[in-house]
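Structure data (TSV, C-alpha atoms) from work20.tsv:
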```tsv
chain	number	residue	atom	x	y	z
A	1108	MET	CA	56.83	13.85	-13.32
A	1109	PRO	CA	54.92	14.46	-10.02
A	1110	VAL	CA	51.30	13.42	-9.82
A	1111	GLN	CA	49.00	16.42	-9.46
A	1112	THR	CA	46.11	16.22	-7.01
A	1113	ASP	CA	43.19	18.59	-6.60
A	1114	GLN	CA	43.33	20.40	-3.28
A	1115	PRO	CA	39.95	21.12	-1.69
A	1116	MET	CA	38.87	24.76	-1.52
A	1117	MET	CA	39.60	26.37	1.85
A	1118	PHE	CA	38.17	29.49	3.49
A	1119	SER	CA	40.43	31.56	5.74
A	1120	LYS	CA	38.40	34.54	6.97
A	1121	SER	CA	37.06	34.70	10.53
A	1122	PHE	CA	33.32	34.32	11.16
A	1123	THR	CA	33.62	36.39	14.35
A	1124	ARG	CA	35.53	39.39	13.02
A	1125	GLN	CA	33.45	42.53	12.80
A	1126	GLU	CA	34.07	45.65	10.75
A	1127	PRO	CA	36.16	48.31	12.52
A	1128	ILE	CA	34.29	50.90	14.54
A	1129	SER	CA	33.87	53.92	12.27
A	1130	GLN	CA	36.05	56.99	12.67
A	1131	PRO	CA	33.11	59.22	13.74
A	1132	ALA	CA	32.29	56.71	16.50
A	1133	ILE	CA	35.94	56.53	17.54
A	1134	ASP	CA	36.16	60.32	17.65
A	1135	SER	CA	33.00	60.48	19.77
A	1136	ALA	CA	34.36	57.85	22.16
A	1137	VAL	CA	37.68	59.69	22.46
A	1138	ARG	CA	35.87	62.88	23.47
A	1139	VAL	CA	34.13	60.98	26.27
A	1140	LEU	CA	37.40	59.38	27.37
A	1141	GLN	CA	39.17	62.72	27.41
A	1142	SER	CA	36.43	64.18	29.60
A	1143	GLY	CA	36.83	61.38	32.14
A	1144	ARG	CA	33.04	61.42	32.61
A	1145	LEU	CA	31.97	57.97	31.46
A	1146	HIS	CA	28.97	57.62	33.79
A	1147	ARG	CA	25.75	58.73	32.14
A	1148	TYR	CA	24.78	60.99	35.04
A	1149	ASN	CA	28.22	62.59	35.43
A	1150	VAL	CA	27.48	65.74	33.44
A	1151	VAL	CA	28.21	69.39	33.97
A	1152	LYS	CA	25.59	72.14	34.03
A	1153	ASP	CA	23.50	72.32	30.83
A	1154	GLU	CA	25.29	69.28	29.40
A	1155	VAL	CA	23.30	66.34	27.98
A	1156	SER	CA	24.88	62.92	28.21
A	1157	GLU	CA	25.62	60.76	25.19
A	1158	THR	CA	23.31	58.12	26.65
A	1159	ALA	CA	20.38	60.52	26.93
A	1160	LEU	CA	20.93	61.60	23.33
A	1161	LEU	CA	21.13	57.99	22.13
A	1162	GLU	CA	17.83	57.24	23.87
A	1163	LYS	CA	16.15	60.21	22.25
A	1164	GLU	CA	17.51	59.34	18.80
A	1165	PHE	CA	16.64	55.64	18.99
A	1166	ALA	CA	13.11	56.42	20.20
A	1167	ALA	CA	12.73	58.72	17.19
A	1168	TYR	CA	14.05	56.01	14.85
A	1169	MET	CA	11.54	53.53	16.27
A	1170	GLY	CA	8.66	56.00	16.38
A	1171	SER	CA	8.36	55.25	20.12
A	1172	GLN	CA	7.60	57.62	22.96
A	1173	TYR	CA	10.39	56.42	25.23
A	1174	CYS	CA	13.72	54.61	25.19
A	1175	LEU	CA	16.06	53.42	27.95
A	1176	ALA	CA	19.69	52.40	27.30
A	1177	CYS	CA	20.70	49.36	29.35
A	1178	ALA	CA	23.78	47.31	30.11
A	1179	SER	CA	22.62	44.48	27.83
A	1180	CYS	CA	19.59	43.21	25.96
A	1181	GLY	CA	19.18	40.61	28.71
A	1182	SER	CA	18.94	43.34	31.34
A	1183	ALA	CA	16.53	45.27	29.09
A	1184	MET	CA	14.27	42.20	28.86
A	1185	TYR	CA	14.39	41.72	32.62
A	1186	LEU	CA	13.53	45.39	33.22
A	1187	ALA	CA	10.73	45.24	30.66
A	1188	LEU	CA	9.17	42.21	32.35
A	1189	LYS	CA	9.51	43.64	35.85
A	1190	SER	CA	8.28	47.06	34.81
A	1191	ALA	CA	5.28	45.58	32.98
A	1192	GLY	CA	4.23	43.95	36.25
A	1193	VAL	CA	5.51	40.36	36.04
A	1194	ARG	CA	5.66	38.74	39.49
A	1195	PRO	CA	7.19	35.51	40.80
A	1196	GLY	CA	5.05	32.55	39.81
A	1197	ASP	CA	3.48	34.26	36.79
A	1198	ARG	CA	3.33	32.16	33.61
A	1199	ILE	CA	5.09	33.60	30.57
A	1200	LEU	CA	4.83	32.28	27.03
A	1201	CYS	CA	8.07	32.05	25.06
A	1202	ASN	CA	8.97	30.44	21.74
A	1203	ALA	CA	11.13	27.37	22.30
A	1204	TYR	CA	13.65	28.44	19.63
A	1205	THR	CA	15.64	31.27	21.21
A	1206	LEU	CA	18.91	31.96	23.01
A	1207	ALA	CA	19.72	31.65	26.70
A	1208	PRO	CA	19.35	35.36	27.72
A	1209	VAL	CA	15.61	35.18	26.97
A	1210	PRO	CA	14.73	32.35	29.40
A	1211	GLY	CA	17.36	33.86	31.71
A	1212	ALA	CA	15.41	37.12	31.89
A	1213	ILE	CA	12.20	35.21	32.59
A	1214	HIS	CA	13.87	33.12	35.29
A	1215	ASN	CA	15.30	36.27	36.87
A	1216	THR	CA	11.77	37.54	37.51
A	1217	GLY	CA	10.80	34.31	39.27
A	1218	ALA	CA	8.20	33.58	36.60
A	1219	LYS	CA	7.40	30.20	35.03
A	1220	ILE	CA	8.21	29.61	31.37
A	1221	ILE	CA	5.59	28.18	28.99
A	1222	LEU	CA	7.40	27.10	25.83
A	1223	VAL	CA	5.64	27.26	22.46
A	1224	GLU	CA	6.42	25.08	19.44
A	1225	ILE	CA	7.95	26.43	16.24
A	1226	THR	CA	7.29	25.51	12.62
A	1227	ASP	CA	9.53	24.63	9.70
A	1228	ASP	CA	10.05	28.33	8.88
A	1229	TYR	CA	11.62	28.79	12.38
A	1230	THR	CA	8.79	30.99	13.68
A	1231	ILE	CA	6.07	30.46	16.28
A	1232	ASP	CA	3.43	27.76	15.84
A	1233	PHE	CA	0.16	29.73	15.91
A	1234	ASP	CA	-2.02	26.78	16.90
A	1235	ASP	CA	0.19	25.92	19.86
A	1236	LEU	CA	0.43	29.59	20.80
A	1237	ALA	CA	-3.35	30.07	20.72
A	1238	ALA	CA	-3.93	26.95	22.84
A	1239	LYS	CA	-1.37	27.91	25.48
A	1240	ALA	CA	-2.43	31.58	25.52
A	1241	ALA	CA	-5.91	30.39	26.47
A	1242	GLU	CA	-4.65	28.49	29.53
A	1243	LYS	CA	-5.41	29.75	33.02
A	1244	ASP	CA	-3.26	32.59	34.42
A	1245	VAL	CA	-1.22	33.12	31.24
A	1246	LYS	CA	-0.90	36.88	30.82
A	1247	TRP	CA	2.50	37.47	29.20
A	1248	PHE	CA	4.33	36.60	25.99
A	1249	MET	CA	8.07	37.19	25.65
A	1250	MET	CA	8.42	36.70	21.90
A	1251	SER	CA	11.88	36.23	20.44
A	1252	HIS	CA	12.37	37.11	16.77
A	1253	MET	CA	15.08	34.48	16.84
A	1254	ARG	CA	17.89	34.82	14.32
A	1255	GLY	CA	15.88	37.53	12.57
A	1256	HIS	CA	12.88	35.36	11.59
A	1257	ILE	CA	9.70	37.40	12.05
A	1258	ALA	CA	6.38	35.60	12.38
A	1259	ASP	CA	3.11	36.95	10.96
A	1260	MET	CA	2.70	39.80	13.45
A	1261	ASP	CA	-0.90	40.41	12.46
A	1262	ARG	CA	-1.80	36.92	13.69
A	1263	ILE	CA	0.36	37.33	16.80
A	1264	MET	CA	-1.41	40.52	17.77
A	1265	GLU	CA	-4.83	38.98	17.09
A	1266	ILE	CA	-4.10	36.08	19.47
A	1267	CYS	CA	-2.73	38.46	22.12
A	1268	ARG	CA	-5.80	40.69	21.89
A	1269	GLN	CA	-8.22	37.76	22.05
A	1270	GLN	CA	-6.60	36.34	25.19
A	1271	GLY	CA	-5.58	39.60	26.90
A	1272	ILE	CA	-1.86	38.75	26.57
A	1273	THR	CA	0.79	41.45	27.06
A	1274	LEU	CA	3.44	41.11	24.33
A	1275	ILE	CA	7.09	42.01	24.94
A	1276	GLU	CA	9.36	41.64	21.91
A	1277	ASP	CA	12.94	40.41	21.97
A	1278	CYS	CA	14.37	42.16	18.91
A	1279	ALA	CA	18.03	41.31	19.49
A	1280	HIS	CA	18.24	40.03	15.89
A	1281	THR	CA	15.73	42.34	14.19
A	1282	MET	CA	16.94	45.89	14.75
A	1283	GLY	CA	15.97	47.70	11.54
A	1284	ALA	CA	13.71	44.87	10.32
A	1285	ARG	CA	10.01	45.26	9.56
A	1286	TRP	CA	6.79	43.30	9.22
A	1287	ASN	CA	4.57	44.67	6.45
A	1288	GLY	CA	6.39	48.02	6.68
A	1289	LYS	CA	6.10	48.35	10.48
A	1290	LEU	CA	9.33	48.21	12.46
A	1291	SER	CA	10.02	45.11	14.51
A	1292	GLY	CA	9.69	46.18	18.13
A	1293	SER	CA	6.74	48.49	17.54
A	1294	PHE	CA	4.01	45.86	18.02
A	1295	GLY	CA	4.14	44.92	21.69
A	1296	THR	CA	3.86	46.87	24.93
A	1297	ALA	CA	7.67	47.00	25.04
A	1298	ALA	CA	10.59	45.81	22.94
A	1299	CYS	CA	14.24	45.09	23.68
A	1300	PHE	CA	17.23	45.40	21.36
A	1301	SER	CA	20.85	44.32	21.60
A	1302	THR	CA	24.05	46.23	20.79
A	1303	GLN	CA	26.30	43.29	21.62
A	1304	THR	CA	29.26	42.78	19.27
A	1305	TYR	CA	27.48	40.43	16.85
A	1306	LYS	CA	24.34	42.54	16.48
A	1307	HIS	CA	23.35	45.29	14.05
A	1308	MET	CA	25.02	48.02	16.10
A	1309	ASN	CA	28.16	47.17	18.04
A	1310	SER	CA	29.13	48.51	21.46
A	1311	GLY	CA	30.51	45.23	22.79
A	1312	GLU	CA	27.58	44.91	25.18
A	1313	GLY	CA	24.42	46.96	25.50
A	1314	GLY	CA	20.66	46.99	25.20
A	1315	LEU	CA	17.81	49.36	24.37
A	1316	LEU	CA	14.27	49.19	25.77
A	1317	VAL	CA	11.47	51.04	23.97
A	1318	THR	CA	7.82	51.54	24.93
A	1319	ASP	CA	4.94	53.98	24.67
A	1320	ASP	CA	3.79	53.16	28.22
A	1321	PRO	CA	4.78	56.01	30.59
A	1322	ASP	CA	4.32	53.94	33.77
A	1323	LEU	CA	6.42	51.07	32.42
A	1324	MET	CA	9.20	53.44	31.36
A	1325	ALA	CA	9.22	55.33	34.67
A	1326	ARG	CA	9.64	52.07	36.57
A	1327	ALA	CA	12.31	50.84	34.14
A	1328	ILE	CA	14.35	54.05	34.52
A	1329	ILE	CA	14.36	53.76	38.31
A	1330	TYR	CA	15.01	50.00	38.20
A	1331	SER	CA	17.95	50.64	35.85
A	1332	GLY	CA	19.68	52.73	38.49
A	1333	SER	CA	18.81	56.37	37.90
A	1334	TYR	CA	19.53	57.41	41.52
A	1335	MET	CA	16.61	59.87	41.13
A	1336	ASN	CA	18.41	61.51	38.21
A	1337	TYR	CA	15.53	60.71	35.89
A	1338	ASP	CA	15.28	64.42	35.09
A	1339	ARG	CA	18.50	63.97	33.07
A	1340	HIS	CA	16.71	61.66	30.62
A	1341	LEU	CA	15.35	63.21	27.43
A	1342	SER	CA	13.23	60.20	26.43
A	1343	ARG	CA	11.03	59.83	29.50
A	1344	PRO	CA	7.58	60.53	30.95
A	1345	ASP	CA	6.75	63.68	32.92
A	1346	ASP	CA	8.03	64.06	36.49
A	1347	ALA	CA	4.57	63.40	37.89
A	1348	VAL	CA	4.68	59.79	36.66
A	1349	PHE	CA	7.74	59.15	38.84
A	1350	GLU	CA	6.42	60.71	42.02
A	1351	SER	CA	4.24	57.83	43.23
A	1352	ILE	CA	6.90	55.14	42.61
A	1353	ARG	CA	10.27	56.79	43.22
A	1354	GLU	CA	10.66	55.30	46.70
A	1355	LEU	CA	8.99	51.97	45.93
A	1356	VAL	CA	11.11	50.75	43.00
A	1357	PRO	CA	14.58	49.31	43.78
A	1358	ASN	CA	17.81	50.05	41.94
A	1359	TYR	CA	19.14	47.10	39.89
A	1360	SER	CA	22.06	49.00	38.28
A	1361	CYS	CA	21.47	48.01	34.65
A	1362	ARG	CA	22.53	51.29	33.05
A	1363	MET	CA	24.45	51.88	29.85
A	1364	ASP	CA	27.49	54.16	30.15
A	1365	ASP	CA	28.34	57.19	28.04
A	1366	LEU	CA	31.28	55.52	26.30
A	1367	ARG	CA	29.11	52.87	24.71
A	1368	ALA	CA	26.41	55.39	23.84
A	1369	ALA	CA	29.02	57.55	22.13
A	1370	ILE	CA	30.07	54.58	19.99
A	1371	LEU	CA	26.47	53.77	19.08
A	1372	ARG	CA	25.09	57.16	18.05
A	1373	PRO	CA	27.06	57.38	14.77
A	1374	GLN	CA	26.13	53.77	14.00
A	1375	LEU	CA	22.42	54.55	14.30
A	1376	LYS	CA	22.76	57.08	11.49
A	1377	ILE	CA	23.88	54.36	9.05
A	1378	LEU	CA	21.80	51.47	10.43
A	1379	ASP	CA	19.45	51.16	7.45
A	1380	ASP	CA	22.36	51.16	4.99
A	1381	GLN	CA	24.09	48.45	7.03
A	1382	CYS	CA	20.91	46.37	6.98
A	1383	GLN	CA	20.87	46.51	3.19
A	1384	ARG	CA	24.50	45.40	3.05
A	1385	TRP	CA	23.67	42.35	5.20
A	1386	ASN	CA	20.71	41.49	3.01
A	1387	ARG	CA	22.76	41.51	-0.18
A	1388	ARG	CA	25.05	38.89	1.38
A	1389	TYR	CA	22.17	36.91	2.86
A	1390	GLN	CA	20.20	36.78	-0.39
A	1391	PHE	CA	23.29	35.70	-2.34
A	1392	LEU	CA	23.98	32.89	0.14
A	1393	GLU	CA	20.33	31.88	0.33
A	1394	SER	CA	20.11	31.48	-3.45
A	1395	ARG	CA	23.26	29.34	-3.50
A	1396	LEU	CA	22.32	27.17	-0.52
A	1397	ASN	CA	18.87	26.44	-1.94
A	1398	GLN	CA	20.58	24.85	-4.94
A	1399	ILE	CA	22.43	22.32	-2.77
A	1400	PRO	CA	20.77	18.89	-2.50
A	1401	GLY	CA	20.17	17.91	1.10
A	1402	LEU	CA	19.79	21.49	2.41
A	1403	PHE	CA	16.64	23.49	3.11
A	1404	CYS	CA	16.33	27.25	3.69
A	1405	PRO	CA	12.74	28.18	4.59
A	1406	LYS	CA	10.94	30.52	2.24
A	1407	ARG	CA	10.38	33.90	3.88
A	1408	ASP	CA	7.05	35.72	3.83
A	1409	PRO	CA	7.02	38.69	1.40
A	1410	LYS	CA	5.70	40.87	4.27
A	1411	GLU	CA	8.89	40.21	6.25
A	1412	GLN	CA	11.56	42.84	5.62
A	1413	TYR	CA	14.30	40.99	7.48
A	1414	VAL	CA	17.93	41.81	8.24
A	1415	GLY	CA	20.06	38.83	7.22
A	1416	SER	CA	23.03	39.08	9.56
A	1417	SER	CA	22.98	35.28	9.89
A	1418	ILE	CA	21.52	32.40	7.92
A	1419	GLN	CA	19.94	29.13	9.01
A	1420	PHE	CA	19.23	25.96	7.08
A	1421	ASN	CA	18.20	22.40	7.81
A	1422	LEU	CA	19.90	19.23	6.66
A	1423	ASN	CA	17.97	16.28	5.26
A	1424	THR	CA	18.98	14.12	8.21
A	1425	GLU	CA	18.55	14.03	11.97
A	1426	ASP	CA	21.37	11.50	12.40
A	1427	PRO	CA	23.80	13.21	14.82
A	1428	THR	CA	26.74	11.21	13.52
A	1429	VAL	CA	26.16	12.46	9.96
A	1430	ILE	CA	25.49	16.02	11.13
A	1431	LEU	CA	28.68	16.14	13.20
A	1432	ARG	CA	30.67	14.81	10.25
A	1433	PHE	CA	29.16	17.55	8.07
A	1434	LEU	CA	29.95	20.27	10.64
A	1435	ASP	CA	33.47	19.01	11.33
A	1436	THR	CA	34.32	18.72	7.62
A	1437	CYS	CA	33.04	22.25	6.94
A	1438	LEU	CA	35.11	23.54	9.85
A	1439	LEU	CA	38.25	21.78	8.60
A	1440	ARG	CA	37.79	23.74	5.40
A	1441	GLY	CA	37.27	27.03	7.29
A	1442	VAL	CA	33.46	27.31	7.34
A	1443	GLU	CA	32.17	27.65	10.91
A	1444	LEU	CA	28.62	26.44	11.45
A	1445	LYS	CA	26.65	26.12	14.68
A	1446	TRP	CA	24.19	23.32	15.38
A	1447	PHE	CA	21.01	23.73	17.43
A	1448	GLY	CA	20.56	19.99	17.74
A	1449	ASN	CA	23.52	19.53	20.05
A	1450	LYS	CA	22.56	17.85	23.31
A	1451	ARG	CA	24.66	20.31	25.34
A	1452	PRO	CA	25.14	24.09	24.99
A	1453	VAL	CA	28.13	25.04	22.83
A	1454	GLY	CA	29.36	28.63	22.64
A	1455	PHE	CA	26.40	30.95	22.07
A	1456	THR	CA	24.11	28.14	20.90
A	1457	SER	CA	21.71	26.16	23.08
A	1458	ALA	CA	18.44	24.28	22.77
A	1459	TYR	CA	15.57	24.58	25.24
A	1460	SER	CA	16.27	21.12	26.65
A	1461	SER	CA	19.43	22.49	28.31
A	1462	TRP	CA	17.54	25.05	30.44
A	1463	LYS	CA	17.50	22.75	33.47
A	1464	TYR	CA	16.84	25.66	35.86
A	1465	PHE	CA	13.18	25.53	34.81
A	1466	ASP	CA	11.08	22.69	36.22
A	1467	ASN	CA	9.02	20.40	34.02
A	1468	LEU	CA	10.12	21.46	30.55
A	1469	PRO	CA	7.61	20.06	28.07
A	1470	GLU	CA	8.10	17.67	25.20
A	1471	LEU	CA	8.00	19.66	21.95
A	1472	PRO	CA	8.26	17.12	19.11
A	1473	ASN	CA	8.06	19.60	16.22
A	1474	THR	CA	10.68	21.89	17.72
A	1475	ASP	CA	12.91	18.91	18.51
A	1476	ARG	CA	12.64	17.68	14.92
A	1477	ILE	CA	13.45	21.09	13.45
A	1478	LEU	CA	16.36	21.86	15.79
A	1479	ALA	CA	17.80	18.37	15.29
A	1480	GLY	CA	18.96	19.25	11.78
A	1481	MET	CA	19.30	23.04	11.99
A	1482	CYS	CA	22.60	24.73	11.12
A	1483	ASP	CA	23.36	28.37	11.81
A	1484	MET	CA	25.99	30.65	10.27
A	1485	ARG	CA	26.97	34.25	10.93
A	1486	ILE	CA	27.33	36.60	7.96
A	1487	PRO	CA	29.74	39.33	9.07
A	1488	LEU	CA	30.03	42.44	6.91
A	1489	THR	CA	33.74	41.70	6.63
A	1490	PHE	CA	32.68	39.07	4.02
A	1491	ASP	CA	32.08	40.14	0.43
A	1492	LEU	CA	30.06	38.32	-2.24
A	1493	ALA	CA	33.14	36.43	-3.44
A	1494	ASP	CA	33.56	35.13	0.10
A	1495	CYS	CA	29.91	34.09	0.15
A	1496	GLU	CA	30.44	32.21	-3.12
A	1497	SER	CA	33.43	30.35	-1.65
A	1498	ILE	CA	31.48	29.45	1.48
A	1499	ALA	CA	28.54	28.14	-0.54
A	1500	GLN	CA	30.85	26.06	-2.73
A	1501	ILE	CA	32.52	24.48	0.30
A	1502	ILE	CA	29.15	23.67	1.88
A	1503	ALA	CA	28.01	22.15	-1.43
A	1504	ASP	CA	31.15	20.00	-1.69
A	1505	VAL	CA	30.80	18.75	1.89
A	1506	ALA	CA	27.09	18.11	1.54
A	1507	ALA	CA	27.70	16.01	-1.59
A	1508	SER	CA	30.28	13.89	0.22
A	1509	VAL	CA	28.57	13.52	3.61
A	1510	LEU	CA	24.79	13.85	3.43
A	1511	PRO	CA	22.49	11.04	2.32
A	1512	ARG	CA	21.41	11.21	-1.28
A	1513	GLU	CA	17.98	12.59	-2.07
A	1514	PRO	CA	15.59	10.02	-3.61
A	1515	GLU	CA	15.40	10.20	-7.40
```

Full structure transcribed into structure tokens:
Amino acid sequence: MPVQTDQPMMFSKSFTRQEPISQPAIDSAVRVLQSGRLHRYNVVKDEVSETALLEKEFAAYMGSQYCLACASCGSAMYLALKSAGVRPGDRILCNAYTLAPVPGAIHNTGAKIILVEITDDYTIDFDDLAAKAAEKDVKWFMMSHMRGHIADMDRIMEICRQQGITLIEDCAHTMGARWNGKLSGSFGTAACFSTQTYKHMNSGEGGLLVTDDPDLMARAIIYSGSYMNYDRHLSRPDDAVFESIRELVPNYSCRMDDLRAAILRPQLKILDDQCQRWNRRYQFLESRLNQIPGLFCPKRDPKEQYVGSSIQFNLNTEDPTVILRFLDTCLLRGVELKWFGNKRPVGFTSAYSSWKYFDNLPELPNTDRILAGMCDMRIPLTFDLADCESIAQIIADVAASVLPREPE
């Protein structure tokens, strides 16, 4: 009689597979394709482009005066910084826990980056922020709500007001999220959102810049490549705001096209429902992961109405050998985790120490400690709660076999 052995649980679904684009979005895209007019300014008389309509609708969703659709969130951040008045050599605060497009946008302006420590809940360290905001010639703060973790925005705004700091929000991971009922992206002078494939609305690539500042928006529209067609924007300042700058602002060609806007408009209508679907999966996973010895998911502030499209947790070790064994074993069983403690950038994940294009990066011991054991996992809507249960069970099994035991 053959000896029976227990086979370990395996997970087979892809962590990078998104839900299909909805039929209304497909139908809208097909209409644009059939017209042959994919450029946002290629419209016939009395026609309004899909991009102009998206801008108007997203501004209304955000409660903002103006919105500009861009080629990417990175280009939106660059335009926001330039349009707000950042010049080469300026010093810009930025949380050290973020992704490469954020320092990339700062570097693109010629500014200097001033990195700020994070805390164990993955958000900005207020003491370090306050100290660095008080330094000479620091006037800007590019704040990244990294992986959807929103800091206490009341304290952020208090520090910015005290030190005369202009806040620009990177909301690539917080579209639809709120702090104390107020939408993420409605605190600073400007905010930037992503519609890249893995974000809360999916057009492959894309970005949205919102602001209530008419001068900033006028400059951003011309910078984006309006070719003096700013009159074809619905979400814009009056013509008079453009008159004094129209021949002084260069064209950087960072526009969104009508095809992507057509795909996005139907998605905006269901954004809040999608956010709730992500949170059901996130909260299920969070509750399971917090029961696993050796893992730590930070407790989230009740004022933070997040969107859990990914989840992060720390291991009880900073030993890279142990962490790599944990990651590799999870991957062998089908669970794909990213690690922010890797010494070199891997895929979409990087730590601040790899941004060698900035001179004199500081030592940030708290951030280094936190990133050293931080794991990161996407939660695509193609997963259901049964999938989340399987993933949590696999992580629990691997943690029990690989991680050091907690003291009794």

Q | For Ser1416 of chain A: contacts at 7 Å, all atoms listed in the file, fewer than 6 positions along chain excluded, given as an MDAnalysis selection string | A | chainID A and resid 1385 1485:1487

Q | Minimum-distance residue to Arg1395 of chain A, chosen among A:Asp1408, A:Glu1496, A:Asp1235, A:Asp1435 (using only C-alpha atoms) | A | A:Glu1496

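You will find atom CA of Leu1378 of chain A at 14.2 Å from atom CA of Gln1412 of chain A.
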
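Residue nearest Ile1257 of chain A within the list A:Pro1469, A:Gly1143, A:Gly1217, A:Pro1409: A:Pro1409 [criterion: smallest interatomic distance, only C-alpha atoms].
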
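One finds atom CA of Thr1424 of chain A at 15.3 Å from atom CA of Ile1502 of chain A.
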
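Taking atom CA of Arg1367 of chain A and atom CA of Pro1344 of chain A as endpoints, the distance between them is 23.7 Å.
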
9 Å contact set for Pro1511 of chain A, all atoms listed in the file, chain neighbours under 4 positions out, as a PDB file with C-alpha atoms, in the frame of the given file:
```pdb
ATOM      1  CA  GLY A1401      20.170  17.910   1.100  1.00  0.00           C
ATOM      2  CA  ASN A1423      17.970  16.280   5.260  1.00  0.00           C
ATOM      3  CA  THR A1424      18.980  14.120   8.210  1.00  0.00           C
ATOM      4  CA  VAL A1429      26.160  12.460   9.960  1.00  0.00           C
ATOM      5  CA  ALA A1506      27.090  18.110   1.540  1.00  0.00           C
ATOM      6  CA  ALA A1507      27.700  16.010  -1.590  1.00  0.00           C
TER       7      ALA A1507
END
```

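Among the candidates A:Gly1454, A:Pro1115, A:Gly1170, A:Pro1127, the residue lying nearest to Ser1342 of chain A is A:Gly1170 (atoms considered: all atoms listed in the file).
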
Q.
Could you list, as a count of residues only, every residue within 10 Å of segment 1203-1216 of chain A, counting all atoms listed in the file and ignoring same-chain residues fewer than 6 positions away?
A. 51

Incomplete segment 1485-1502 of chain A filled out to N, CA and C atoms as a compact mmCIF listing (two decimals), in the coordinates of the input:
```txt
# COMPACT_ATOMS: atom_id res chain seq x y z
N ARG A 1485 26.88 32.79 10.95
CA ARG A 1485 26.97 34.25 10.93
C ARG A 1485 27.37 34.73 9.54
N ILE A 1486 26.93 35.96 9.21
CA ILE A 1486 27.33 36.60 7.96
C ILE A 1486 27.93 37.97 8.31
N PRO A 1487 29.16 38.03 8.73
CA PRO A 1487 29.74 39.33 9.07
C PRO A 1487 29.92 40.21 7.84
N LEU A 1488 29.85 41.51 8.03
CA LEU A 1488 30.03 42.44 6.91
C LEU A 1488 31.47 42.50 6.43
N THR A 1489 32.36 41.82 7.11
CA THR A 1489 33.74 41.70 6.63
C THR A 1489 33.82 40.70 5.47
N PHE A 1490 32.73 39.96 5.18
CA PHE A 1490 32.68 39.07 4.02
C PHE A 1490 32.12 39.85 2.83
N ASP A 1491 32.66 39.59 1.65
CA ASP A 1491 32.08 40.14 0.43
C ASP A 1491 31.38 39.02 -0.33
N LEU A 1492 30.82 39.33 -1.50
CA LEU A 1492 30.06 38.32 -2.24
C LEU A 1492 30.95 37.20 -2.74
N ALA A 1493 32.22 37.50 -3.04
CA ALA A 1493 33.14 36.43 -3.44
C ALA A 1493 33.37 35.47 -2.28
N ASP A 1494 33.45 36.00 -1.07
CA ASP A 1494 33.56 35.13 0.10
C ASP A 1494 32.32 34.25 0.25
N CYS A 1495 31.16 34.85 0.04
CA CYS A 1495 29.91 34.09 0.15
C CYS A 1495 29.88 32.97 -0.90
N GLU A 1496 30.38 33.23 -2.09
CA GLU A 1496 30.44 32.21 -3.12
C GLU A 1496 31.36 31.06 -2.70
N SER A 1497 32.50 31.38 -2.11
CA SER A 1497 33.43 30.35 -1.65
C SER A 1497 32.79 29.50 -0.55
N ILE A 1498 32.13 30.17 0.39
CA ILE A 1498 31.48 29.45 1.48
C ILE A 1498 30.42 28.50 0.94
N ALA A 1499 29.60 28.99 0.03
CA ALA A 1499 28.54 28.14 -0.54
C ALA A 1499 29.13 26.95 -1.28
N GLN A 1500 30.23 27.16 -1.99
CA GLN A 1500 30.85 26.06 -2.73
C GLN A 1500 31.39 24.99 -1.78
N ILE A 1501 32.01 25.44 -0.69
CA ILE A 1501 32.52 24.48 0.30
C ILE A 1501 31.38 23.68 0.92
N ILE A 1502 30.30 24.36 1.31
CA ILE A 1502 29.15 23.67 1.88
C ILE A 1502 28.58 22.66 0.88
```
